Structures are given as structure tokens and as C-alpha cells.
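S.K.: Please find one structure pasted underneath; my questions will follow.
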Amino acid sequence: MNKLNNLKVTRGGYNKMKCVIIGGDAAGISAASQIRRMKPDWQVRVYEKGHYISYAACGMPYYVADAVHELDDLVELTPEEAVSSRGIDLCLGHEVTGIDPGNRSVTVQSGSKVFSDTWDRLMIATGASPACMGIPVHEMKSVHTINSLPQAEALKSYIKNSRPERMAVIGGGYIGLEMAEAVRSIGIETILVHRREDLHRAFEKEMSDIIKKKLRDEGVILHFGHSLKTITEDESGAIVVTDGGDLRVDGAVLAVGVEPNSGLAIDAGIKTGRANAIRVNEFMETNIAGIYAAGDCATAALAGFGMEVHAPLALKANKQGRIGGTNMAGVREPFAGVLNTAITKIFDLGVARTGLSFAEAESLGLEPVKYTVESRDRARYYPGMQKIHSLVIVSKKDRRVLGAQLAGALSAVKRIDVYSTAIYNSMTIDRLMDLDLAYAPPFSPVYDPVLLASRIGSRKV
Ligand code: FAD
């Protein structure tokens, strides 16, 4: 129990509290807005080291591909709106460089000015940074990472001004896939480099094979099964050095995963967990009373399975921020956890996943069975009908649905949400089959692919 929740008299000797939040994107602004909603007379100050707040990082690949034309279109809330309509005390261009839990203060740097500021409750919402493997990306003109709006802008202007003909994207996770599509879709020869033969472990091999085929069909060159050693640059571009040979390209995008920005917290004695993310309980509390964390810098529990995970995804950041804000405002509300539910677009192929992978289910001793079903996403005769591939993971022990992955048309794979709901509610494959899902020919066959896959699964498990 957080002792500060019972605090009646604060630093100033009156009931109003001062909350400080480090980081002004999804988690930080969600927390700040929630506290202001619940406690309109509390002071809520957000320190953001950049000059944007509340931006849709998820839209950046589409901005680079020019499907979204203006960078400002990715901004959900302007700094002016945050101040005027939400009453947030916003400090842009201010980096927090230290936390002193004993004195309940932070050290802040803005340009050459360094000062300290006090808080009654503190939230760390510093996000995550791209893993760079020690490669000095920021010293190279032709090598990019994509984690913030200025980085997206730098990559787009590099493409516009330098007109690269051949680029490498390194990393077979969501961001690598989306960036490979972005670069290829604007006519650049694209090489996707990934250290394993199969894509990121979030995708089962069967899904990885479907995605790889799609990438090849769209002309992306796959340099798989080769680890990146380094990237160097000379006057004619970049050299991507892998253990399977060197690739000479005009430019490169490094997308080999993200690392939580937990250094500030560690220096302050705050404990970390999975992937070195700040360990939080369901109330977003760290091990130090009065200090909370949320978003990409923080851990979460895998709902229903109890495992601690690092899930750098937008919905989780927004929810943890809001719930962290609720708890900071003194109302106990737990975060229900995540299922690593994710969806992405690879050209016209939609791919989605939720729940455990087969390997995770095995490691938890759940005796998983996995099977795949290929079916139609609309009535057989209805124009535009396409195939949808469903992969379902079920426990042999108790017939509980553990995980699911889908590949098919963009509009079809959002059905992953039905599986997510089922897993969240610990449903068995038989209960899933009982669901009354909507049917009309333009949307699905009479037996929706989820029902068909569960019917087949109920016989296999
Ligand atoms: P961030 O967005 O990283 O924000 C942290 C903020 O803290 C930053 O603004 C930073 O400047 C600031 N900060 C850091 N340190 C300090 C400091 N010391 N002092 C002051 N300020 C500081 N997720 C999905 O669910 N779906 C998607 O399709 C998707 N696509 C993505 C595509 C890309 C290219 C990227 C990069 C991410 C994508 N994500 C996606 C992930 C999603 O964007 C993140 O989960 C989300 O932005 C995390 O929000 P956050 O507030 O925790 O962290």
C-alpha cells in the first residue's frame, strides 16, 4: 500500500498536492490529464525534453511513406491545448536528469539552466529508445532510427533530398516490417536484414512464412539468418556489416528493438524487472512510495498468466498512464494487464496476434497444442472475399485458449480482438465456439473464421 495515499497534509501544509510527471507523450499526458480531471485544484507539472507532446509514433512509418503528408497530422494534442484546456503546467525542452526520492525532488536541465523542483507524487513516463547496438547512428547522415517526430522528419527529408535507390532496414519486428513496407512503397530497393531465419518471436513460424512470402512478392529482398555486426558510412552511403557479408546501400534504418528509458529510475534506487523496465505493481507504483511509472519504460503483467512482461505498445502506455494518474489522485484502481495484442499491416496483408506464443505456453507448463486453419473472410460468393489464416494455441490441460495469430485482409484480422477477449476471460475453445458472432455476406461467412477455427480446434485438442 502506498503510504502517500493517506497523506492529508503536504509539503505546503495544505491539502493540494503537486504532481510531477517526466515525459509528455502517451503515458505522461494521460496521467497528467487524469489527475487534472480528478483533482482540478492540484498542480500537475510535466517535464518533456523534446518539443512535442502526445504524438502518434505509430503513424510515423506512414508519414515516411507519405501516406500521411504532414508531421503535424501525427500530433494528438498541442502544447497550447494541454495548457489551456487541461490546465497542465507544461515545461517543454526540459530534461529531468536526476531524481532524489529522499528530498522528493528532481533535477531539471533546460539549455544551460539547471534547477531542482519538488514533488509530492512523481510519475516516470520516459518511454523507450531504439536499441543501437553501440552503433553511433546519430553521427551518420545515412543511418536512421525512428522513435520520435524529429527522427521521422529527418528520415523523410533524407529520402527526399538524397534520393536513395537502395536501403536496408534492420530488424524483423513490427517496426522493421512497417519501415520495410514504407521504404519499398516509395520505390526504393529494400533489403530487410534479420538475425534469424524466422521473423521476431512474436510471430509463430507459420505466420512468419506468410509474411516473408508477402515481403518477397512485393520485391523486398530478405537477408535473413545473418546477425548485424555494425554499420559504417563513407561518402557513397552506408555499409551494413553482417556475419553473412557486407551490404552496400545508400541508407539504412536500424529497428532492432527498443530499450526502456529506466536509467534515471535505476540511479534513484528504483527496481527494474523484465528487459530492465521499471518494475511496477498493478497500481503503477514502484518500490519507492510516491513514485509511479507507466508506459514503455515500465513492466506489466500478462493478464491471466501472471508473467511479468515488457510490452512497448501504445494502448498499454495510454492505459497505464491513465490508471497511474487515478492512483496518484488517491483512488485505487488496478491495471488489468496486457495480452501483447498487436496488429500490423505489411502492404495489403494484415497480421495480428494475441496471448501466449507456443514457446511461452510450453515454458509455463500449459501443455499447448497449436493448429492452423485456412478459411474465407466473407461469404464465398461475395466480391472481395479473401483467405484468412488462423493459428490458435490451446491448452491440452484445460482446453483454455492461450494464444492466436491471424493473417489475411486488413479488415479481416481485427477479429484478433475476439480471441483477446476470450483469452482475457479464460475461455475454453468450446466456449469460444458458443459465441453468437455477427453474420452477413459482405462481412463474414455464416460461420465466422473464429467459430470455424474453434470448431476445428475443439476436435483437435
Ligand atoms: P514515449 O512515446 O517514448 O514518450 C516518452 C517521452 O518522454 C518522450 O517524449 C521523451 O522525449 C520524454 N522523455 C524521456 N526522458 C525524459 C527525461 N529525462 N526528461 C524529460 N522528458 C523525457 N504501438 C502500438 O500499439 N501500435 C503501433 O502500431 C505502434 N507503432 C509504432 C511505430 C513506431 C515507428 C514506433 C517508434 C512505436 C510504435 N508503437 C506502436 C509503440 C508506441 O508508440 C509506444 O508504445 C508509445 O509511444 C509509448 O508511449 P510512452 O509515453 O510510454 O513513451
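All residue names refer to the C-alpha cells as shown: chains lettered A, B, ... in order, residues numbered from 1 in each chain, ligands numbered from 1 in order.
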Could the residues that lie within 7 Å of ligand 1, counting only C-alpha atoms and all ligand atoms, be listed as a PyMOL selection string?
M.R.: chain A and resi 22-28+47-50+52-53+56-61+94-97+125-129+146-148+175+261+294-297+312-315+317+342-344
S.K.: Can you spit out the residues from that selection as a short mmCIF file (atom, residue, chain, number, x, y, z; two decimals), in the first residue's frame, using N, CA and C atoms?
M.R.:
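As written to disk, selection04.cif reads:
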```
data_model
loop_
_atom_site.label_atom_id
_atom_site.label_comp_id
_atom_site.auth_asym_id
_atom_site.auth_seq_id
_atom_site.Cartn_x
_atom_site.Cartn_y
_atom_site.Cartn_z
N ILE A 22 7.46 12.96 -15.61
CA ILE A 22 8.62 13.06 -16.50
C ILE A 22 8.26 12.38 -17.81
N GLY A 23 8.13 13.15 -18.89
CA GLY A 23 7.78 12.60 -20.20
C GLY A 23 6.39 13.02 -20.61
N GLY A 24 6.27 13.57 -21.82
CA GLY A 24 4.99 14.16 -22.23
C GLY A 24 4.35 13.50 -23.43
N ASP A 25 4.50 12.17 -23.54
CA ASP A 25 3.78 11.52 -24.64
C ASP A 25 2.61 10.71 -24.07
N ALA A 26 2.35 9.54 -24.65
CA ALA A 26 1.13 8.79 -24.34
C ALA A 26 0.90 8.61 -22.84
N ALA A 27 1.87 8.02 -22.15
CA ALA A 27 1.68 7.71 -20.73
C ALA A 27 1.66 8.99 -19.89
N GLY A 28 2.61 9.88 -20.13
CA GLY A 28 2.75 11.08 -19.30
C GLY A 28 1.54 11.99 -19.41
N TYR A 47 7.41 17.60 -17.32
CA TYR A 47 8.69 17.95 -17.93
C TYR A 47 8.89 17.08 -19.17
N GLU A 48 9.04 17.70 -20.32
CA GLU A 48 9.25 16.97 -21.57
C GLU A 48 10.52 17.52 -22.21
N LYS A 49 11.45 16.62 -22.50
CA LYS A 49 12.74 17.12 -23.01
C LYS A 49 12.65 17.57 -24.47
N GLY A 50 11.68 17.02 -25.21
CA GLY A 50 11.51 17.42 -26.61
C GLY A 50 10.57 18.60 -26.73
N TYR A 52 7.55 18.24 -28.64
CA TYR A 52 6.22 17.73 -28.99
C TYR A 52 5.67 16.99 -27.78
N ILE A 53 4.35 16.96 -27.66
CA ILE A 53 3.71 16.08 -26.67
C ILE A 53 2.65 15.26 -27.41
N ALA A 56 1.56 10.64 -32.25
CA ALA A 56 1.29 9.25 -32.62
C ALA A 56 2.53 8.66 -33.29
N ALA A 57 3.43 8.12 -32.46
CA ALA A 57 4.64 7.48 -33.00
C ALA A 57 4.23 6.37 -33.98
N CYS A 58 3.08 5.74 -33.71
CA CYS A 58 2.61 4.63 -34.53
C CYS A 58 2.36 5.06 -35.98
N GLY A 59 2.13 6.35 -36.18
CA GLY A 59 1.85 6.83 -37.53
C GLY A 59 3.11 7.18 -38.32
N MET A 60 4.27 7.11 -37.67
CA MET A 60 5.49 7.58 -38.34
C MET A 60 5.87 6.80 -39.60
N PRO A 61 5.70 5.46 -39.63
CA PRO A 61 6.04 4.75 -40.89
C PRO A 61 5.19 5.26 -42.06
N HIS A 94 12.67 20.62 -21.40
CA HIS A 94 13.21 20.44 -20.05
C HIS A 94 13.48 18.96 -19.83
N GLU A 95 14.74 18.65 -19.60
CA GLU A 95 15.10 17.24 -19.36
C GLU A 95 15.35 17.01 -17.87
N VAL A 96 14.70 15.99 -17.34
CA VAL A 96 14.97 15.63 -15.94
C VAL A 96 16.23 14.77 -15.93
N THR A 97 17.21 15.20 -15.13
CA THR A 97 18.50 14.49 -15.14
C THR A 97 18.75 13.73 -13.84
N ALA A 125 7.53 8.58 -16.94
CA ALA A 125 6.89 8.14 -18.18
C ALA A 125 7.83 8.47 -19.34
N THR A 126 9.06 7.96 -19.20
CA THR A 126 10.14 8.36 -20.11
C THR A 126 10.23 7.51 -21.38
N GLY A 127 9.36 6.52 -21.53
CA GLY A 127 9.31 5.76 -22.77
C GLY A 127 10.50 4.83 -22.97
N ALA A 128 10.78 4.56 -24.22
CA ALA A 128 11.88 3.63 -24.57
C ALA A 128 12.65 4.25 -25.73
N SER A 129 13.88 3.79 -25.91
CA SER A 129 14.72 4.29 -27.01
C SER A 129 15.10 3.12 -27.91
N ILE A 146 13.94 5.36 -35.80
CA ILE A 146 12.67 6.07 -35.89
C ILE A 146 11.90 5.90 -34.58
N ASN A 147 12.01 6.91 -33.74
CA ASN A 147 11.41 6.82 -32.42
C ASN A 147 10.72 8.10 -31.97
N SER A 148 10.93 9.17 -32.72
CA SER A 148 10.33 10.45 -32.32
C SER A 148 10.00 11.22 -33.60
N ILE A 175 8.27 -2.77 -36.05
CA ILE A 175 8.74 -1.51 -36.62
C ILE A 175 9.59 -1.78 -37.87
N ASN A 261 13.69 3.45 -21.11
CA ASN A 261 14.50 4.55 -20.55
C ASN A 261 14.37 4.51 -19.03
N ALA A 294 4.90 4.42 -15.82
CA ALA A 294 3.89 3.93 -16.77
C ALA A 294 4.44 4.01 -18.19
N GLY A 295 3.90 3.16 -19.06
CA GLY A 295 4.25 3.21 -20.48
C GLY A 295 5.45 2.34 -20.83
N ASP A 296 6.13 2.71 -21.91
CA ASP A 296 7.22 1.88 -22.44
C ASP A 296 8.39 1.70 -21.48
N CYS A 297 8.48 2.58 -20.47
CA CYS A 297 9.60 2.43 -19.52
C CYS A 297 9.25 1.45 -18.41
N PRO A 312 6.06 -2.78 -25.14
CA PRO A 312 6.09 -1.38 -25.58
C PRO A 312 5.04 -1.08 -26.63
N LEU A 313 3.80 -1.00 -26.20
CA LEU A 313 2.67 -0.78 -27.12
C LEU A 313 1.82 0.39 -26.64
N ALA A 314 1.18 1.05 -27.62
CA ALA A 314 0.53 2.34 -27.35
C ALA A 314 -0.66 2.25 -26.39
N LEU A 315 -1.52 1.25 -26.56
CA LEU A 315 -2.70 1.18 -25.70
C LEU A 315 -2.28 0.97 -24.24
N ALA A 317 0.47 1.93 -22.89
CA ALA A 317 1.05 3.19 -22.37
C ALA A 317 -0.06 4.15 -21.97
N ALA A 342 -1.41 -7.29 -30.74
CA ALA A 342 -0.82 -6.33 -31.69
C ALA A 342 -1.31 -6.64 -33.09
N ILE A 343 -1.33 -5.62 -33.91
CA ILE A 343 -1.80 -5.77 -35.28
C ILE A 343 -0.92 -4.91 -36.17
N THR A 344 -0.63 -5.40 -37.36
CA THR A 344 0.19 -4.59 -38.26
C THR A 344 -0.18 -4.87 -39.71
#
```
S.K.: Quick one: which range 326-390 of chain A residues come within 12 Å of range 186-201 of chain A, and what is the nearest atom pair for each with the distance in Å to one decimal, counting only C-alpha atoms, rows ordered by chain and ascending number, as CSV?
M.R.:
```
residue,atom,partner,partner_atom,distance
A:Phe347,CA,A:Ile186,CA,11.8
A:Arg353,CA,A:Arg201,CA,11.3
A:Leu356,CA,A:Arg201,CA,10.8
A:Ser357,CA,A:Arg201,CA,8.0
A:Phe358,CA,A:Arg201,CA,9.9
A:Ala359,CA,A:Arg201,CA,9.0
A:Glu360,CA,A:Arg201,CA,10.1
```
S.K.: Contacts of range 36-45 of chain A at 6 Å or less, counting only C-alpha atoms, minus same-chain residues fewer than 6 places along, as a PyMOL selection string?
M.R.: chain A and resi 16-20+88-90
S.K.: Can you check which residues of range 262-307 of chain A DSSP gives as strand (DSSP E or B) on the backbone and send them as an mmCIF file with all heavy atoms, in the first residue's frame?
M.R.:
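Output contents, as saved in selection_36.cif:
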```cif
data_model
loop_
_atom_site.group_PDB
_atom_site.id
_atom_site.type_symbol
_atom_site.label_atom_id
_atom_site.label_comp_id
_atom_site.auth_asym_id
_atom_site.auth_seq_id
_atom_site.Cartn_x
_atom_site.Cartn_y
_atom_site.Cartn_z
ATOM 1 N N THR A 272 14.099 -2.508 -11.191
ATOM 2 C CA THR A 272 13.656 -2.838 -12.545
ATOM 3 C C THR A 272 13.361 -4.329 -12.634
ATOM 4 O O THR A 272 13.776 -5.106 -11.783
ATOM 5 C CB THR A 272 14.721 -2.450 -13.591
ATOM 6 O OG1 THR A 272 15.940 -3.076 -13.234
ATOM 7 C CG2 THR A 272 14.912 -0.946 -13.673
ATOM 8 N N ILE A 278 11.141 -0.460 -15.629
ATOM 9 C CA ILE A 278 10.849 -0.138 -14.227
ATOM 10 C C ILE A 278 9.729 -1.059 -13.727
ATOM 11 O O ILE A 278 8.662 -1.142 -14.357
ATOM 12 C CB ILE A 278 10.416 1.346 -14.100
ATOM 13 C CG1 ILE A 278 11.530 2.265 -14.624
ATOM 14 C CG2 ILE A 278 10.054 1.683 -12.649
ATOM 15 C CD1 ILE A 278 11.103 3.717 -14.793
ATOM 16 N N GLU A 285 2.704 1.577 -9.067
ATOM 17 C CA GLU A 285 3.647 2.022 -8.044
ATOM 18 C C GLU A 285 4.979 1.313 -8.212
ATOM 19 O O GLU A 285 5.021 0.107 -8.481
ATOM 20 C CB GLU A 285 3.099 1.703 -6.642
ATOM 21 C CG GLU A 285 1.857 2.497 -6.293
ATOM 22 C CD GLU A 285 1.103 1.899 -5.108
ATOM 23 O OE1 GLU A 285 1.276 0.695 -4.815
ATOM 24 O OE2 GLU A 285 0.323 2.638 -4.486
ATOM 25 N N ILE A 291 6.398 7.264 -5.917
ATOM 26 C CA ILE A 291 6.943 7.291 -7.285
ATOM 27 C C ILE A 291 6.255 6.209 -8.123
ATOM 28 O O ILE A 291 6.262 5.029 -7.765
ATOM 29 C CB ILE A 291 8.475 7.098 -7.303
ATOM 30 C CG1 ILE A 291 9.155 8.157 -6.417
ATOM 31 C CG2 ILE A 291 8.994 7.176 -8.742
ATOM 32 C CD1 ILE A 291 10.674 8.157 -6.471
ATOM 33 N N TYR A 292 5.693 6.629 -9.221
ATOM 34 C CA TYR A 292 4.947 5.755 -10.126
ATOM 35 C C TYR A 292 5.684 5.695 -11.471
ATOM 36 O O TYR A 292 6.494 6.573 -11.783
ATOM 37 C CB TYR A 292 3.540 6.326 -10.364
ATOM 38 C CG TYR A 292 2.702 6.435 -9.113
ATOM 39 C CD1 TYR A 292 2.983 7.412 -8.144
ATOM 40 C CD2 TYR A 292 1.624 5.588 -8.890
ATOM 41 C CE1 TYR A 292 2.219 7.513 -6.987
ATOM 42 C CE2 TYR A 292 0.851 5.697 -7.741
ATOM 43 C CZ TYR A 292 1.158 6.653 -6.797
ATOM 44 O OH TYR A 292 0.407 6.755 -5.645
ATOM 45 N N ALA A 293 5.364 4.698 -12.272
ATOM 46 C CA ALA A 293 5.914 4.637 -13.634
ATOM 47 C C ALA A 293 4.857 4.043 -14.543
ATOM 48 O O ALA A 293 4.003 3.256 -14.107
ATOM 49 C CB ALA A 293 7.191 3.805 -13.672
ATOM 50 N N ALA A 298 7.994 0.978 -18.365
ATOM 51 C CA ALA A 298 7.531 0.187 -17.215
ATOM 52 C C ALA A 298 7.121 -1.234 -17.622
ATOM 53 O O ALA A 298 6.775 -1.490 -18.773
ATOM 54 C CB ALA A 298 6.348 0.890 -16.560
ATOM 55 N N ALA A 300 4.648 -4.759 -17.119
ATOM 56 C CA ALA A 300 3.213 -5.030 -16.933
ATOM 57 C C ALA A 300 3.080 -6.527 -16.675
ATOM 58 O O ALA A 300 4.028 -7.286 -16.906
ATOM 59 C CB ALA A 300 2.424 -4.638 -18.176
ATOM 60 N N ALA A 301 1.907 -6.921 -16.206
ATOM 61 C CA ALA A 301 1.669 -8.361 -16.023
ATOM 62 C C ALA A 301 0.914 -8.877 -17.240
ATOM 63 O O ALA A 301 0.105 -8.158 -17.831
ATOM 64 C CB ALA A 301 0.846 -8.586 -14.771
ATOM 65 N N LEU A 302 1.212 -10.111 -17.626
ATOM 66 C CA LEU A 302 0.466 -10.749 -18.703
ATOM 67 C C LEU A 302 -0.856 -11.243 -18.095
ATOM 68 O O LEU A 302 -0.849 -12.142 -17.247
ATOM 69 C CB LEU A 302 1.292 -11.898 -19.276
ATOM 70 C CG LEU A 302 0.962 -12.353 -20.678
ATOM 71 C CD1 LEU A 302 1.141 -11.225 -21.688
ATOM 72 C CD2 LEU A 302 1.840 -13.521 -21.080
#
```
S.K.: Need the shell around range 395-397 of chain A: protein/DNA/RNA residues with any atom at most 9 Å away, counting only C-alpha atoms. Skip same-chain ones fewer than 4 positions apart. Format as a short mmCIF file (atom, residue, chain, number, x, y, z; two decimals) with N, CA and C atoms, in the first residue's frame?
M.R.:
```
data_model
loop_
_atom_site.label_atom_id
_atom_site.label_comp_id
_atom_site.auth_asym_id
_atom_site.auth_seq_id
_atom_site.Cartn_x
_atom_site.Cartn_y
_atom_site.Cartn_z
N ALA A 361 3.85 -20.69 -23.82
CA ALA A 361 2.88 -21.60 -23.20
C ALA A 361 3.58 -22.86 -22.71
N LEU A 366 1.88 -25.35 -19.75
CA LEU A 366 0.44 -25.39 -20.05
C LEU A 366 0.06 -26.45 -21.10
N GLU A 367 1.04 -27.24 -21.50
CA GLU A 367 0.82 -28.31 -22.49
C GLU A 367 0.04 -27.79 -23.71
N PRO A 368 0.64 -26.86 -24.44
CA PRO A 368 -0.08 -26.27 -25.56
C PRO A 368 -0.16 -27.17 -26.79
N VAL A 369 -1.23 -26.99 -27.55
CA VAL A 369 -1.37 -27.60 -28.87
C VAL A 369 -1.59 -26.42 -29.81
N LYS A 370 -0.96 -26.48 -31.00
CA LYS A 370 -1.20 -25.37 -31.92
C LYS A 370 -1.68 -25.93 -33.24
N VAL A 401 -8.10 -21.35 -24.26
CA VAL A 401 -7.42 -20.69 -25.39
C VAL A 401 -6.28 -19.86 -24.81
N LEU A 402 -5.07 -20.06 -25.38
CA LEU A 402 -3.89 -19.39 -24.82
C LEU A 402 -3.35 -18.29 -25.72
N THR A 428 -12.56 -21.48 -22.72
CA THR A 428 -12.07 -22.69 -23.37
C THR A 428 -12.41 -22.59 -24.86
N VAL A 461 -8.05 -30.85 -29.88
CA VAL A 461 -7.37 -30.74 -28.58
C VAL A 461 -7.74 -31.93 -27.68
#
```
S.K.: Could you list, as a ChimeraX atom specification, every residue within 10 Å of Met179 in chain A, counting only C-alpha atoms and ignoring same-chain residues fewer than 6 positions away?
M.R.: /A:60-62,64-65,146,168-171,173,185,190,192,253-255,346
S.K.: Select from range 203-370 of chain A everything DSSP, run on the backbone, classes as helix (DSSP H, G or I), then give the selection as an MDAnalysis selection string.
M.R.: chainID A and resid 205:217 263:267 274:276 295:297 314:328 358:363
S.K.: Give me, as a list in words, all polymer residues having an atom no more than 7 Å from Arg86 in chain A, counting only C-alpha atoms and skipping those fewer than 3 positions away in the same chain.
M.R.: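 So the residues in contact are Ser33, Arg36, Glu81, Ala82 and Val83 of chain A.
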S.K.: Generate a file of the selected residues that holds all heavy atoms, formatted as a CSV table (one decimal), in the first residue's frame.
M.R.:
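What ended up in selection_12.csv:
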```
chain,number,residue,atom,x,y,z
A,33,SER,N,-3.5,14.4,-17.5
A,33,SER,CA,-4.9,14.8,-17.8
A,33,SER,C,-5.8,14.1,-16.8
A,33,SER,O,-6.8,14.8,-16.3
A,33,SER,CB,-5.3,14.3,-19.2
A,33,SER,OG,-4.4,14.8,-20.2
A,36,ARG,N,-5.6,16.0,-13.4
A,36,ARG,CA,-6.3,17.3,-13.5
A,36,ARG,C,-7.8,17.1,-13.5
A,36,ARG,O,-8.5,17.9,-13.0
A,36,ARG,CB,-5.8,18.0,-14.8
A,36,ARG,CG,-4.4,18.5,-14.7
A,36,ARG,CD,-4.3,19.8,-13.8
A,36,ARG,NE,-5.2,20.8,-14.2
A,36,ARG,CZ,-5.6,21.8,-13.4
A,36,ARG,NH1,-5.2,21.9,-12.2
A,36,ARG,NH2,-6.5,22.7,-13.8
A,81,GLU,N,-3.1,23.4,-26.3
A,81,GLU,CA,-4.3,22.7,-25.8
A,81,GLU,C,-4.1,22.1,-24.4
A,81,GLU,O,-5.0,22.1,-23.5
A,81,GLU,CB,-4.8,21.7,-26.7
A,81,GLU,CG,-5.4,22.2,-28.0
A,81,GLU,CD,-5.5,21.2,-29.1
A,81,GLU,OE1,-4.8,20.1,-29.1
A,81,GLU,OE2,-6.2,21.4,-30.1
A,82,ALA,N,-2.9,21.5,-24.2
A,82,ALA,CA,-2.6,20.8,-22.9
A,82,ALA,C,-2.7,21.9,-21.8
A,82,ALA,O,-3.2,21.6,-20.7
A,82,ALA,CB,-1.2,20.2,-23.0
A,83,VAL,N,-2.2,23.1,-22.1
A,83,VAL,CA,-2.2,24.1,-21.0
A,83,VAL,C,-3.5,24.7,-20.9
A,83,VAL,O,-4.1,24.8,-19.8
A,83,VAL,CB,-1.1,25.2,-21.4
A,83,VAL,CG1,-1.2,26.3,-20.4
A,83,VAL,CG2,0.3,24.6,-21.5
```
S.K.: Find, counting only C-alpha atoms, the residue in A:Leu451, A:Ala154, A:Ile29, A:Leu435 that gets nearest to Leu71 in chain A.
M.R.: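 Residue with the minimum atom-to-atom distance to Leu71 in chain A: A:Ala154.
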S.K.: Restricting the calculation to only C-alpha atoms, which member of A:Ala352, A:Gly237, A:Leu92, A:Glu178 is positioned closest to Glu80 in chain A?
M.R.: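 Closest to Glu80 in chain A, using only C-alpha atoms: A:Leu92.
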S.K.: Leaving out Met427 in chain A and any residue of its chain fewer than 3 positions from it, which residues lie within 10 Å of it when counting only C-alpha atoms, given as a PyMOL selection string?
M.R.: chain A and resi 398-402+419+421-424+430-433
S.K.: Tell me which of A:Val309, A:Ala289, A:Leu391, A:Leu410 sits closest to Asn276 in chain A, counting only C-alpha atoms.
M.R.: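 Smallest distance to Asn276 in chain A is found for A:Val309.
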S.K.: Just to confirm, what's the straight-line distance from CA of Thr242 in chain A to CA of Lys345 in chain A in Å (one decimal)?
M.R.: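 Those two atoms sit 27.0 Å apart.
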S.K.: Do you have the CA of Val68 in chain A-CA of Ser85 in chain A distance handy?
M.R.: 26.6 Å
